[in-house]
Amino acid sequence: MNEAPDKSMRRVTALLAQVGLLHWRTVLDDLIRRYAGLEDITIGLDEGARPEIVALLRTLHKNNVHRLDDRQFAHAIADLGFLDYQVHRVVDGHMTDERWNPGQCSLAEYRAAGAITAYPVFDRTTPAGLTAMGLLRQVRQHGEH
């Protein structure tokens, strides 16, 4: 079962502070909220935005990384597996061509309109480098310093 959102974000915030990346809090909170629920339909037990971001932050802390530069961190986030998933609408038990666009709505909003399924792809619609650039732009605009 998923953690309560407030408790979940407190954990992320504490880990961000430990590795010197607290200014990423708003950006990661948005990313986690946008992808919330993906962990319910993924293949792996520890997949999904929040569990993968927490695992990355724990690894950084465990390895005594106390200040990763923003560019490196953006690329580390962009390489996480939850971004490999495509989410499709299901109608009458069959997957359709209609695909969720995370830039247009949250997964919860998309899911509210009907049944969905998800699977990992090897060739993302948006390359990891472009995702990293978008994250960097967001942290520069909304990061807390």
# chains A, B, ... in the order shown; residues from 1 in each chain; ligands from 1

call {"tool": "residues_around", "arguments": {"residues": "A:Leu135", "least_positions_apart": "4", "cutoff": "7 Å", "atoms": "only C-alpha atoms", "output": "PyMOL selection string"}}
result
chain A and resi 74+131+139

call {"tool": "write_last_selection", "arguments": {"atoms": "N, CA, C and O atoms", "output": "short mmCIF file (atom, residue, chain, number, x, y, z; two decimals), in the first residue's frame"}}
result
data_model
loop_
_atom_site.label_atom_id
_atom_site.label_comp_id
_atom_site.auth_asym_id
_atom_site.auth_seq_id
_atom_site.Cartn_x
_atom_site.Cartn_y
_atom_site.Cartn_z
N ALA A 74 19.75 15.90 -12.50
CA ALA A 74 18.69 15.87 -13.52
C ALA A 74 18.84 14.64 -14.41
O ALA A 74 17.85 13.98 -14.74
N THR A 131 14.48 15.07 -21.21
CA THR A 131 13.82 15.06 -19.91
C THR A 131 14.69 15.77 -18.89
O THR A 131 14.20 16.60 -18.11
N VAL A 139 13.85 23.34 -12.26
CA VAL A 139 14.51 23.61 -10.97
C VAL A 139 15.08 25.03 -10.96
O VAL A 139 15.09 25.68 -9.91
#

call {"tool": "residues_around", "arguments": {"residues": "A:Met9", "least_positions_apart": "4", "cutoff": "12 Å", "atoms": "only C-alpha atoms", "output": "list in words"}}
result
Glu3, Ala4, Pro5, Thr13, Ala14, Leu15, Leu16, Leu22, Trp24, Arg25, Thr26, Val27, Leu28, Asp29, Asp30, Leu31, Ile32, Arg33, Ala49, Arg50, Pro51, Ile53 and Val54 of chain A

call {"tool": "residues_around", "arguments": {"residues": "A:Met95", "least_positions_apart": "2", "cutoff": "12 Å", "atoms": "only C-alpha atoms", "output": "PyMOL selection string"}}
result
chain A and resi 86-93+97-99+114-119

call {"tool": "residues_around", "arguments": {"residues": "A:Gln18", "least_positions_apart": "5", "cutoff": "10 Å", "atoms": "only C-alpha atoms", "output": "compact mmCIF listing (two decimals) with all heavy atoms, in the first residue's frame"}}
result
# COMPACT_ATOMS: atom_id res chain seq x y z
N VAL A 12 11.12 12.35 1.19
CA VAL A 12 11.88 12.88 0.04
C VAL A 12 12.59 14.17 0.45
O VAL A 12 13.77 14.36 0.14
CB VAL A 12 10.97 13.09 -1.18
CG1 VAL A 12 11.69 13.84 -2.29
CG2 VAL A 12 10.45 11.75 -1.70
N THR A 13 11.90 15.05 1.15
CA THR A 13 12.48 16.32 1.58
C THR A 13 13.68 16.09 2.49
O THR A 13 14.72 16.73 2.32
CB THR A 13 11.41 17.19 2.29
OG1 THR A 13 10.36 17.44 1.36
CG2 THR A 13 12.00 18.50 2.77
N LEU A 57 17.96 8.76 -3.96
CA LEU A 57 18.44 9.66 -2.90
C LEU A 57 19.12 8.88 -1.77
O LEU A 57 20.14 9.32 -1.23
CB LEU A 57 17.28 10.50 -2.36
CG LEU A 57 16.73 11.54 -3.33
CD1 LEU A 57 15.42 12.12 -2.83
CD2 LEU A 57 17.76 12.63 -3.58
N ARG A 58 18.58 7.72 -1.43
CA ARG A 58 19.21 6.89 -0.40
C ARG A 58 20.59 6.42 -0.85
O ARG A 58 21.53 6.39 -0.05
CB ARG A 58 18.33 5.68 -0.07
CG ARG A 58 17.17 6.00 0.80
CD ARG A 58 16.38 4.76 1.13
NE ARG A 58 15.33 5.07 2.07
CZ ARG A 58 14.27 4.30 2.24
NH1 ARG A 58 14.13 3.19 1.56
NH2 ARG A 58 13.36 4.65 3.12
N LEU A 60 22.58 7.95 -2.99
CA LEU A 60 23.47 9.11 -2.93
C LEU A 60 23.93 9.36 -1.50
O LEU A 60 25.12 9.59 -1.25
CB LEU A 60 22.77 10.36 -3.49
CG LEU A 60 22.46 10.35 -4.98
CD1 LEU A 60 21.62 11.56 -5.36
CD2 LEU A 60 23.74 10.29 -5.81
N HIS A 61 22.99 9.29 -0.55
CA HIS A 61 23.33 9.51 0.86
C HIS A 61 24.27 8.42 1.36
O HIS A 61 25.27 8.71 2.03
CB HIS A 61 22.06 9.58 1.70
CG HIS A 61 22.32 9.82 3.14
ND1 HIS A 61 22.89 10.98 3.61
CD2 HIS A 61 22.10 9.03 4.23
CE1 HIS A 61 23.01 10.90 4.93
NE2 HIS A 61 22.54 9.73 5.32
N ASN A 64 27.77 8.85 0.50
CA ASN A 64 28.32 10.13 0.98
C ASN A 64 28.40 11.20 -0.09
O ASN A 64 29.32 12.02 -0.09
CB ASN A 64 29.70 9.93 1.63
CG ASN A 64 29.59 9.16 2.93
OD1 ASN A 64 28.68 9.42 3.71
ND2 ASN A 64 30.49 8.23 3.14
N VAL A 65 27.43 11.19 -0.99
CA VAL A 65 27.33 12.27 -1.97
C VAL A 65 26.51 13.37 -1.30
O VAL A 65 25.32 13.21 -1.07
CB VAL A 65 26.65 11.79 -3.27
CG1 VAL A 65 26.45 12.95 -4.23
CG2 VAL A 65 27.47 10.69 -3.92
N HIS A 66 27.17 14.45 -0.95
CA HIS A 66 26.47 15.51 -0.22
C HIS A 66 26.21 16.74 -1.06
O HIS A 66 25.61 17.68 -0.61
CB HIS A 66 27.26 15.89 1.04
CG HIS A 66 27.33 14.77 2.01
ND1 HIS A 66 26.24 14.30 2.70
CD2 HIS A 66 28.36 13.97 2.37
CE1 HIS A 66 26.59 13.29 3.45
NE2 HIS A 66 27.87 13.06 3.28
N ARG A 67 26.66 16.73 -2.27
CA ARG A 67 26.33 17.85 -3.16
C ARG A 67 26.59 17.44 -4.60
O ARG A 67 27.69 17.57 -5.10
CB ARG A 67 27.14 19.10 -2.80
CG ARG A 67 26.79 20.31 -3.61
CD ARG A 67 25.36 20.77 -3.32
NE ARG A 67 25.07 21.97 -4.09
CZ ARG A 67 23.93 22.20 -4.69
NH1 ARG A 67 22.95 21.36 -4.61
NH2 ARG A 67 23.76 23.30 -5.37

call {"tool": "select_by_dssp", "arguments": {"residues": "chain A", "states": "alpha helix (DSSP H)", "output": "ChimeraX atom specification"}}
result
/A:5-18,25-35,49-62,70-78,107-112,128-142

call {"tool": "closest_residue", "arguments": {"among": "A:Leu107, A:Leu136, A:Leu56, A:Leu80", "to": "A:Asp40", "atoms": "only C-alpha atoms"}}
result
A:Leu107

call {"tool": "select_by_dssp", "arguments": {"residues": "chain A", "states": "strand (DSSP E)", "output": "PyMOL selection string"}}
result
chain A and resi 85-91+94-99+116-120

call {"tool": "atom_distance", "arguments": {"atom1": "atom CA of A:Gly20", "atom2": "atom CA of A:Thr126"}}
result
27.9 Å
